[in-house]
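Here's the structure we're looking at; comments come further down.
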Amino acid sequence: MSVDSSAERFTGGLAARLRRRPDRRWLTLVPLLAVLILLFVVPLFSLLADSFRSGQGFSLENYREQVTSPVFWRAMRRTLVIAALSTAICVALGYCMAYALTRMPKRLRGVLMVVVLVPYFTSILIRSYAWIAILAPGGLVARTLALVGVENPPELVFNQIGMLIGTVQILLPLALLPIYSVISDIDRAPVRAAQSLGASPAVAHWHVYRPATSSAVLASAALVFISTLGFYVTPALLGGPGDALIAQSILVQFSNLVDPAGAATQAVLLLLIVLLLFVVLFRYLAPSLSVGGTESTAAAERPGRRPRCGGADPDERREKLRALRARMLDTGLDLVGRLRLPILLCGWILGAALLVTPLIVVAIWSFSDATYLTFPPEEYSTRWFADYFADEAWLGSTFLSLGIASTAAVISVVIGGFGAFGLVRGPQRPRLPIAILVAMPLIVPPMIYSLGFFVLVAPHGLVGTNLGLILPYVVLGLPFSVSITAAALRNLDHRLENAARSLGAGSLSVLRHVLLPALRPALISGFVFSFLAAFDDVVVATFMSGPTAVTLPLRMFQDIKLEVSPRTAVVAVVLLGAGAAAVLLRFVIAWLVRAVKVALSRLGSS
Amino acid sequence: MSEVSEGVQVVDQVATGGEVELDGLSKSYGTFQAVRGVSLSIRRGEFLAILGPSGAGKTTLLNMLTGFETPTSGAIRIDGRDVARLAPHKRGIGVVFQHYALFKHMTVAQNVGFPLRMRRMSPREQRSHIQHALELVKLEGFAARFPDQLSGGQQQRVALARAIVFRPPLLLMDEPLGALDKRLREHMRVEIKRLQRNLGATVIYVTHDQGEALTMADRIAVMNDGAVEQLGTPDDLYERPASAFVADFVGETNFFHGRTVRDADGRVRVVLDGDRPDLRRETENADSLKPDCRVQVGVRPEQVSLLPVEGADGPAVVGTVCEVLYEGATALHVVETAIGNLTARLSLKNLRETRWAVGDQVAVHWDARAARGYHVADRGSSPSS
């Protein structure tokens with residue numbers, strides 16, 4: 001109390017001085033909001049307008065057509081089923097793996113995190129493509145089965161099974177990481193307390209640990225489910241011709257059937273489902289939004305019904321039934337508890353195999369000599385590498401993608417950085433709506449957004465230009481750059497800025513000497529995530545690339561659709577190699593600098 | 001499931017505490033010995049405090065009792081049954097954890113009812129037990145609340161109720177008052193003591209707070225470096241510490257370095273470093289001291305008196321008051337003397353006439369019965385007796 005008031009008195013003069021000038025920190029939000037509204041909200045609304053357009057002005061004709069179309073419903077049902085299945089598998093496996101991680105010694109944990117993170121940062125396109133080499137006839141699984149003597153293996157790819165395997169592999173890290181980040185912070189003391197009170201380990205886990213993790217599990221389930229709803233690349237590569245999910249169906253409606261209004265209608269319907277889910281699951285998703293609000297998190301922490309207790313329950317029989325059910329549950333849990341080690345171990349082996357096999361397969365396959373799919377390769381050569389480095393079209397696409405993705409990422413980090421400042425330090429009231437708006441490009445399926453953006457800008461000659469690609473990529477990068485920077489800003493003591501100001505620093509000096517140095521790691525990782533979002537994209541490029549400007553992912557995608565050759569594997573290895581080299585170079589440079597310093601200090605002392 | 005039915009029996013029959021025996025309990029991690037051969041026997045209904053600084057092995061000992069660590073060797077017998085290798089949930093020991101470890105998503109009633117539920121007690125019976133336990137901790141009206149709607153002291157009571165509701169033969173408390181403020185802590189001492197006496201529970205109370213141990217415990221085991229340094233009643237411990245460590249850790253003590261000599265009358269006395277060489281000081285435990293050894297002599301600050309230099313007689317040492325710290329009922333005087341700096345806690349009631357000020361010359365005096373000698377591991381000479 002007394003400390004507080006004295007501190008207030010101490011800074012009072014300063015606060016008064018600041019108050020005299022109007023607080024203009026909200027100005028930093030302007031570019032962010034301008035970009036999001038012009039480049040994101042307006043395209044979506046134009047899509048909405050398109051969906052109501054038919055021959056004679058405004059009508060519901062398009063909706064009637066889609067809602068009565070069995071093709072649309074089949075695609076929708078398929079999408080929901082695949083999304084539900086992959087969510088269930090991802091969350092179960094992710095929980096298992098995340099829990100096992102928290103119970104491991106620190107060093108092993110670090111190694112296994114690499115197993116999760118490297119695939120997470122690898123292109124979705126490349127990971128999906130690797131599954132073809134594993135699952136297709138002539139691929140790893142088929143050849144292995146043939147060795148055992150199974151001549152007619154089940155078809156594992158170009159159908160819904162392949163789609164499901166690929167989806168699970170791609171979304172597993174997305175399910176695992178949020179769960180892990182929550183449960184690694186959970187206090188284990190209550191679990192011990194439960195055990196001391198007579199609960200066996202599994203029973204203690206169920207009654208005490210699980211409730212504390214349930215909101216994290218729901219959050220990651222929501223994230224995976226919503227992501228799967230808009231999945232395009234993986235189903236398009238691993239699914240069969242009749243297995244189109246809704247995102248594919250939108251594209252087919254638009255480009256093959258040349259029915260922009262129908263495509264817009266399907267897109268709006270999908271968007272409605274996604275937004276509905278977002279609203280329903282909002283309290284679980286809120287903690288991962290870039291809001292500082294504690295209210296929503298607190299609400300998410302204690303989910304579910306308020307248990308009735310303490311009062312008298314008149315219905316004795318129902319109560320007995322409940323007790324019986326609880327007893328059966330506890331007995332079952334005891335059984336599971338005895339098997340917990342094998343279950344966790346199996347979970348990790350399965351998960352790690354799913355995550356890592358594609359990367360290994362791609363690396364080996366890139367050295368194949370064949371022009372068709374055989375895995376493991378019968379003969380090895382570097383001919384596909386030579387082919388890649390001699391092909392101007394491929395090199396051109398590579399440099400184009402590098403240029404576009406880094407430009408978009410830089411713009412997104414600058415706008416996002418200022419926006420994050422406005423979000424965290426600016427006015428309180430609009431925080432939540434702005435944070436939701438910022439998260440939207442991540443929630444809205446890229447197929448919907450790209451379609452809207454394309455339809456809006458196509459008449460203005462932006463298609464096929466670099467600018468036409470950079471603008472949507474800036475939007476896709478913003479959720480990352482804003483949320484990462486905002487999180488770092490929240491952890492930064494705002495009194496630092498006041499202190500700098502009281503010492504005579506102007507706004508620019510505060511930015512240069514206080515904020516930028518402290519936020520550098522966040523800005524860099526914001527750049528990396530924004531860059532990857534753009535560099536990994538196929539969907540936007542499908543709409544916005546022209547004949548002269550084909551991005552690398554799009555070229556790879558088209559190449560795979562055309563023929564399954566090791567070429568994409570070569571690109572993957574080159575990119576992975578470049579990434580690894582960059583990381584390695586940093587370490588080598590840091591090591592060299594240290595070595596030189598040590599050498600110099602020795603020289604000085606002797 | 002035999003252990004479950006036993007649990008139910010515990011609830012039904014045993015209303016008083018059990019007899020607990022730790023027998024040569026040891027735990028080592030690699031070459032590091034966290035606990036070395038601790039043997040204690042705790043009587044039915046006894047309140048035993050385990051007191052020690054952090055790193056003394058208290059937590060490891062506690063974890064072995066609760067079952068979260070397996071002893072390297074030794075036995076833990078509760079009413080004659082060795083539980084040292086049982087899983088935690090089969091031990092039936094009531095534990096009050098350091099930060100309560102309440103289940104946040106359960107109501108107070110559900111928290112307290114948890115051990116009963118684990119023991120498959122019928123809901124109707126559970127309710128009456130919960131009610132009774134909550135009455136014992138004076139939280140009758142709070143059954144439907146959630147833990148984070150309670151104050152720290154109330155949470156503490158819930159943890160207590162949860163640990164006693166199934167009438168465990170042994171109640172373990174791990175620094176249960178550590179998270180409370182001073183006033184509440186002192187209040188809860190009385191509460192816990194009252195509860196323990198009413199229930200006749202056998203309690204092992206782990207703490208690093210000597211005040212808690214002294215006021216609450218029937219006996220105190222002082223731990224240092226993985227072993228029990230001294231086991232005794234609070235007054236035993238305070239008035240007759242067995243080692244310099246105990247003297248220093250329980251209460252405050254002035255230490256003076258010196259050397260023992262055997263006098264002509266056969267008694268061992270101490271010559272303090274810096275003191276007059278002909279001055280041979282008596283100690284209360286002279287019989288247990290060996291002659292010709294390095295020793296430390298410990299005197300409690302409240303046993304030291306400061307007298308005017310003129311007319312001082314007997315074995316006094318002259319010094320200068322260099323600091324006076326007012327404490328309310330007492331004042332702590334720091335005095336610089338030839339035998340080292342020492343503190344004297346003087347009751348202000350007795351100081352009405354002569355108050356000492358900084359810079360005053362005083363004669364420092366203490367009663368021989370208030371001084372105890374402790375042998376110091378000496379590298380120079382070995383004791384020759």
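By order of appearance in the structure tokens: chains A, B, ..., then residues from 1 within every chain, and ligands from 1 in the order shown.
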- Task: Name all residues at most 12 Å from range 174-178 of chain A (count only C-alpha atoms; drop same-chain ones fewer than 5 positions away) and give them as a PyMOL selection string.
- Result: chain A and resi 86-102+113-117+119-121+167-169+183-185+213-228+284-285+287-288+348+351-352+355
Closest-contact table, chain A side, partner chain B, 6 Å, counting only C-alpha atoms, as a tab-separated table:
residue	atom	partner	partner_atom	distance
A:Ala189	CA	B:Ala101	CA	5.4
A:Pro190	CA	B:Ala101	CA	4.4
A:Gln195	CA	B:His89	CA	4.6
A:Ser196	CA	B:His89	CA	5.1
A:Leu197	CA	B:Pro115	CA	4.8
A:Gly198	CA	B:His89	CA	4.0
A:Ala199	CA	B:His89	CA	5.4
A:Ser200	CA	B:His89	CA	5.6
A:Gly310	CA	B:Ala143	CA	5.5
- Query: By how many Å are CA of Leu462 in chain A and CA of Phe543 in chain A apart?
  - Reply: 10.9 Å
- Message: Set the distance at 12 Å and use only C-alpha atoms: which residues neighbour Arg25 in chain A once local chain neighbours fewer than 3 positions away are removed? I'd like the list as an MDAnalysis selection string.
- Response: chainID A and resid 18 21:22 28:30 418:428 507
Mind writing the picked residues with all heavy atoms as a compact mmCIF listing (two decimals), in the first residue's frame?
# COMPACT_ATOMS: atom_id res chain seq x y z
N LEU A 18 3.03 13.60 -19.12
CA LEU A 18 2.63 12.82 -20.29
C LEU A 18 1.16 13.06 -20.60
O LEU A 18 0.76 13.10 -21.75
CB LEU A 18 2.86 11.34 -20.03
CG LEU A 18 4.32 10.92 -20.06
CD1 LEU A 18 4.44 9.44 -19.75
CD2 LEU A 18 4.96 11.23 -21.41
N ARG A 21 0.16 16.12 -22.81
CA ARG A 21 0.13 15.90 -24.25
C ARG A 21 -0.83 14.76 -24.52
O ARG A 21 -0.84 13.78 -23.78
CB ARG A 21 1.52 15.51 -24.76
CG ARG A 21 2.46 16.69 -24.84
CD ARG A 21 3.74 16.25 -25.47
NE ARG A 21 4.18 14.96 -24.91
CZ ARG A 21 5.12 14.22 -25.44
NH1 ARG A 21 5.70 14.61 -26.56
NH2 ARG A 21 5.49 13.10 -24.89
N PRO A 22 -1.68 14.85 -25.56
CA PRO A 22 -2.59 13.74 -25.83
C PRO A 22 -1.79 12.47 -26.17
O PRO A 22 -0.74 12.55 -26.81
CB PRO A 22 -3.42 14.23 -27.01
CG PRO A 22 -2.64 15.35 -27.61
CD PRO A 22 -1.85 15.96 -26.50
N THR A 28 0.10 4.13 -33.90
CA THR A 28 0.90 3.03 -34.42
C THR A 28 0.02 1.88 -34.91
O THR A 28 0.49 0.99 -35.60
CB THR A 28 1.83 2.48 -33.33
OG1 THR A 28 1.05 2.15 -32.20
CG2 THR A 28 2.89 3.50 -32.96
N LEU A 29 -1.26 1.91 -34.55
CA LEU A 29 -2.17 0.86 -35.00
C LEU A 29 -2.66 1.10 -36.42
O LEU A 29 -3.16 0.19 -37.07
CB LEU A 29 -3.38 0.78 -34.06
CG LEU A 29 -3.20 0.05 -32.73
CD1 LEU A 29 -4.37 0.33 -31.83
CD2 LEU A 29 -3.06 -1.43 -32.97
N VAL A 30 -2.52 2.36 -36.87
CA VAL A 30 -3.15 2.73 -38.13
C VAL A 30 -2.69 1.88 -39.32
O VAL A 30 -3.53 1.32 -40.04
CB VAL A 30 -2.97 4.24 -38.40
CG1 VAL A 30 -3.41 4.59 -39.82
CG2 VAL A 30 -3.77 5.03 -37.38
N PHE A 418 4.86 -2.20 -35.20
CA PHE A 418 4.19 -0.99 -34.74
C PHE A 418 2.80 -1.32 -34.22
O PHE A 418 2.36 -0.82 -33.18
CB PHE A 418 4.10 0.04 -35.88
CG PHE A 418 5.36 0.81 -36.06
CD1 PHE A 418 6.18 0.62 -37.17
CD2 PHE A 418 5.76 1.74 -35.10
CE1 PHE A 418 7.35 1.32 -37.32
CE2 PHE A 418 6.93 2.46 -35.25
CZ PHE A 418 7.73 2.24 -36.36
N GLY A 419 2.13 -2.20 -34.95
CA GLY A 419 0.78 -2.59 -34.54
C GLY A 419 0.78 -3.23 -33.17
O GLY A 419 -0.08 -2.96 -32.33
N ALA A 420 1.78 -4.09 -32.92
CA ALA A 420 1.87 -4.76 -31.63
C ALA A 420 2.06 -3.73 -30.52
O ALA A 420 1.48 -3.84 -29.44
CB ALA A 420 3.02 -5.76 -31.63
N PHE A 421 2.87 -2.71 -30.81
CA PHE A 421 3.08 -1.65 -29.81
C PHE A 421 1.76 -0.97 -29.48
O PHE A 421 1.41 -0.79 -28.31
CB PHE A 421 4.11 -0.65 -30.33
CG PHE A 421 4.39 0.45 -29.36
CD1 PHE A 421 5.27 0.25 -28.31
CD2 PHE A 421 3.76 1.68 -29.48
CE1 PHE A 421 5.53 1.26 -27.40
CE2 PHE A 421 4.01 2.69 -28.57
CZ PHE A 421 4.89 2.49 -27.54
N GLY A 422 1.02 -0.62 -30.53
CA GLY A 422 -0.27 0.03 -30.32
C GLY A 422 -1.24 -0.88 -29.57
O GLY A 422 -2.02 -0.43 -28.73
N LEU A 423 -1.14 -2.18 -29.87
CA LEU A 423 -2.05 -3.14 -29.25
C LEU A 423 -1.77 -3.27 -27.76
O LEU A 423 -2.68 -3.34 -26.93
CB LEU A 423 -1.87 -4.49 -29.94
CG LEU A 423 -2.89 -5.58 -29.65
CD1 LEU A 423 -4.25 -5.17 -30.14
CD2 LEU A 423 -2.46 -6.88 -30.32
N VAL A 424 -0.47 -3.31 -27.40
CA VAL A 424 -0.10 -3.55 -26.01
C VAL A 424 -0.10 -2.28 -25.19
O VAL A 424 -0.57 -2.24 -24.06
CB VAL A 424 1.28 -4.24 -25.94
CG1 VAL A 424 1.72 -4.39 -24.50
CG2 VAL A 424 1.22 -5.60 -26.61
N ARG A 425 0.42 -1.19 -25.77
CA ARG A 425 0.57 0.04 -25.01
C ARG A 425 -0.52 1.05 -25.29
O ARG A 425 -0.63 2.05 -24.61
CB ARG A 425 1.93 0.68 -25.32
CG ARG A 425 3.11 -0.19 -25.00
CD ARG A 425 3.51 -0.09 -23.54
NE ARG A 425 4.84 -0.64 -23.33
CZ ARG A 425 5.06 -1.85 -22.85
NH1 ARG A 425 4.05 -2.64 -22.54
NH2 ARG A 425 6.28 -2.30 -22.68
N GLY A 426 -1.29 0.80 -26.32
CA GLY A 426 -2.31 1.76 -26.73
C GLY A 426 -3.57 1.65 -25.90
O GLY A 426 -3.55 1.08 -24.81
N PRO A 427 -4.67 2.18 -26.40
CA PRO A 427 -5.91 2.19 -25.63
C PRO A 427 -6.39 0.78 -25.31
O PRO A 427 -6.18 -0.16 -26.07
CB PRO A 427 -6.89 2.91 -26.55
CG PRO A 427 -6.28 2.84 -27.90
CD PRO A 427 -4.81 2.80 -27.71
N GLN A 428 -7.07 0.69 -24.17
CA GLN A 428 -7.45 -0.61 -23.63
C GLN A 428 -8.63 -1.23 -24.38
O GLN A 428 -8.63 -2.42 -24.67
CB GLN A 428 -7.84 -0.41 -22.16
CG GLN A 428 -8.14 -1.69 -21.42
CD GLN A 428 -6.94 -2.14 -20.63
OE1 GLN A 428 -6.19 -1.34 -20.10
NE2 GLN A 428 -6.74 -3.43 -20.57
N SER A 507 10.56 10.01 -28.65
CA SER A 507 9.95 8.77 -29.10
C SER A 507 10.91 7.94 -29.96
O SER A 507 11.01 6.73 -29.80
CB SER A 507 8.70 9.07 -29.92
OG SER A 507 7.79 9.76 -29.12
- Message: Residues near range 312-328 of chain B, anyone? I mean within 6 Å using only C-alpha atoms, not counting same-chain ones fewer than 2 positions away, as a list in words.
- Response: Val309, Glu310, Thr330, Ala331, Leu332, His333, Val334, Val335, Glu336, Thr337, Val358, Gly359, Asp360, Gln361, Val362, Ala363, Val364 and His365 of chain B
- Item | A:Val410, A:Met328, A:Val571, A:Ile415 ranked by distance to Leu125 in chain A, top pick (using only C-alpha atoms) |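 With only C-alpha atoms as the atom set, the closest residue is A:Val571.
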- Residues of range 48-257 of chain A in helix (DSSP H, G or I) according to DSSP, as a ChimeraX atom specification? /A:48-51,61-67,70-102,106-121,124-135,140-148,160-183,189-196,201-229,233-238,246-256
Contacts of range 246-258 of chain B at 6 Å or less, counting only C-alpha atoms, minus same-chain residues fewer than 4 places along, as a PDB file with N, CA, C and O atoms, in the first residue's frame?
ATOM      1  N   GLN B 210      12.382 -22.351  13.626  1.00  0.00           N
ATOM      2  CA  GLN B 210      12.585 -22.859  14.975  1.00  0.00           C
ATOM      3  C   GLN B 210      11.460 -22.435  15.919  1.00  0.00           C
ATOM      4  O   GLN B 210      11.110 -23.179  16.836  1.00  0.00           O
ATOM      5  N   PRO B 241      21.847 -27.593  24.216  1.00  0.00           N
ATOM      6  CA  PRO B 241      22.140 -28.019  22.848  1.00  0.00           C
ATOM      7  C   PRO B 241      23.315 -28.992  22.854  1.00  0.00           C
ATOM      8  O   PRO B 241      24.272 -28.803  23.604  1.00  0.00           O
ATOM      9  N   VAL B 271      40.068 -21.458  28.866  1.00  0.00           N
ATOM     10  CA  VAL B 271      40.737 -20.171  28.716  1.00  0.00           C
ATOM     11  C   VAL B 271      40.341 -19.622  27.348  1.00  0.00           C
ATOM     12  O   VAL B 271      40.604 -20.245  26.317  1.00  0.00           O
ATOM     13  N   LEU B 272      39.644 -18.465  27.357  1.00  0.00           N
ATOM     14  CA  LEU B 272      39.178 -17.910  26.088  1.00  0.00           C
ATOM     15  C   LEU B 272      40.294 -17.149  25.396  1.00  0.00           C
ATOM     16  O   LEU B 272      41.108 -16.482  26.039  1.00  0.00           O
ATOM     17  N   ASP B 273      40.336 -17.224  24.074  1.00  0.00           N
ATOM     18  CA  ASP B 273      41.313 -16.453  23.299  1.00  0.00           C
ATOM     19  C   ASP B 273      41.052 -14.980  23.545  1.00  0.00           C
ATOM     20  O   ASP B 273      39.924 -14.519  23.457  1.00  0.00           O
ATOM     21  N   ARG B 294      40.731 -27.524  21.562  1.00  0.00           N
ATOM     22  CA  ARG B 294      40.094 -26.295  21.104  1.00  0.00           C
ATOM     23  C   ARG B 294      38.596 -26.438  21.337  1.00  0.00           C
ATOM     24  O   ARG B 294      37.999 -27.471  21.026  1.00  0.00           O
ATOM     25  N   VAL B 295      37.980 -25.413  21.895  1.00  0.00           N
ATOM     26  CA  VAL B 295      36.532 -25.462  22.097  1.00  0.00           C
ATOM     27  C   VAL B 295      35.904 -24.131  21.714  1.00  0.00           C
ATOM     28  O   VAL B 295      36.585 -23.111  21.576  1.00  0.00           O
ATOM     29  N   GLN B 296      34.583 -24.200  21.544  1.00  0.00           N
ATOM     30  CA  GLN B 296      33.792 -22.979  21.429  1.00  0.00           C
ATOM     31  C   GLN B 296      32.920 -22.934  22.661  1.00  0.00           C
ATOM     32  O   GLN B 296      32.380 -23.973  23.074  1.00  0.00           O
ATOM     33  N   VAL B 297      32.805 -21.762  23.246  1.00  0.00           N
ATOM     34  CA  VAL B 297      31.898 -21.624  24.374  1.00  0.00           C
ATOM     35  C   VAL B 297      30.698 -20.817  23.901  1.00  0.00           C
ATOM     36  O   VAL B 297      30.848 -19.741  23.321  1.00  0.00           O
ATOM     37  N   GLY B 298      29.502 -21.367  24.107  1.00  0.00           N
ATOM     38  CA  GLY B 298      28.303 -20.680  23.656  1.00  0.00           C
ATOM     39  C   GLY B 298      27.508 -20.118  24.817  1.00  0.00           C
ATOM     40  O   GLY B 298      27.307 -20.792  25.825  1.00  0.00           O
ATOM     41  N   VAL B 299      27.086 -18.858  24.682  1.00  0.00           N
ATOM     42  CA  VAL B 299      26.268 -18.212  25.708  1.00  0.00           C
ATOM     43  C   VAL B 299      25.119 -17.505  25.002  1.00  0.00           C
ATOM     44  O   VAL B 299      25.334 -16.772  24.030  1.00  0.00           O
ATOM     45  N   ARG B 300      23.896 -17.761  25.448  1.00  0.00           N
ATOM     46  CA  ARG B 300      22.739 -17.096  24.854  1.00  0.00           C
ATOM     47  C   ARG B 300      22.773 -15.597  25.167  1.00  0.00           C
ATOM     48  O   ARG B 300      23.122 -15.212  26.295  1.00  0.00           O
ATOM     49  N   LEU B 342      30.138  -9.514  20.950  1.00  0.00           N
ATOM     50  CA  LEU B 342      29.063 -10.339  21.462  1.00  0.00           C
ATOM     51  C   LEU B 342      27.804  -9.507  21.583  1.00  0.00           C
ATOM     52  O   LEU B 342      27.833  -8.271  21.541  1.00  0.00           O
TER      53      LEU B 342
END
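Once Tyr205 in chain B and its same-chain neighbours fewer than 3 positions away are set aside, B:Phe47, B:Leu48, B:Ala49, B:Ile50, B:Leu172, B:Met173, B:Asp174, B:Glu175 remain within 8 Å of it when counting only C-alpha atoms.
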- Backbone-only DSSP, strand (DSSP E or B) members of range 16-250 of chain A, as a list of chain:residue names: A:Arg53, A:Ser54, A:Gly57, A:Phe58
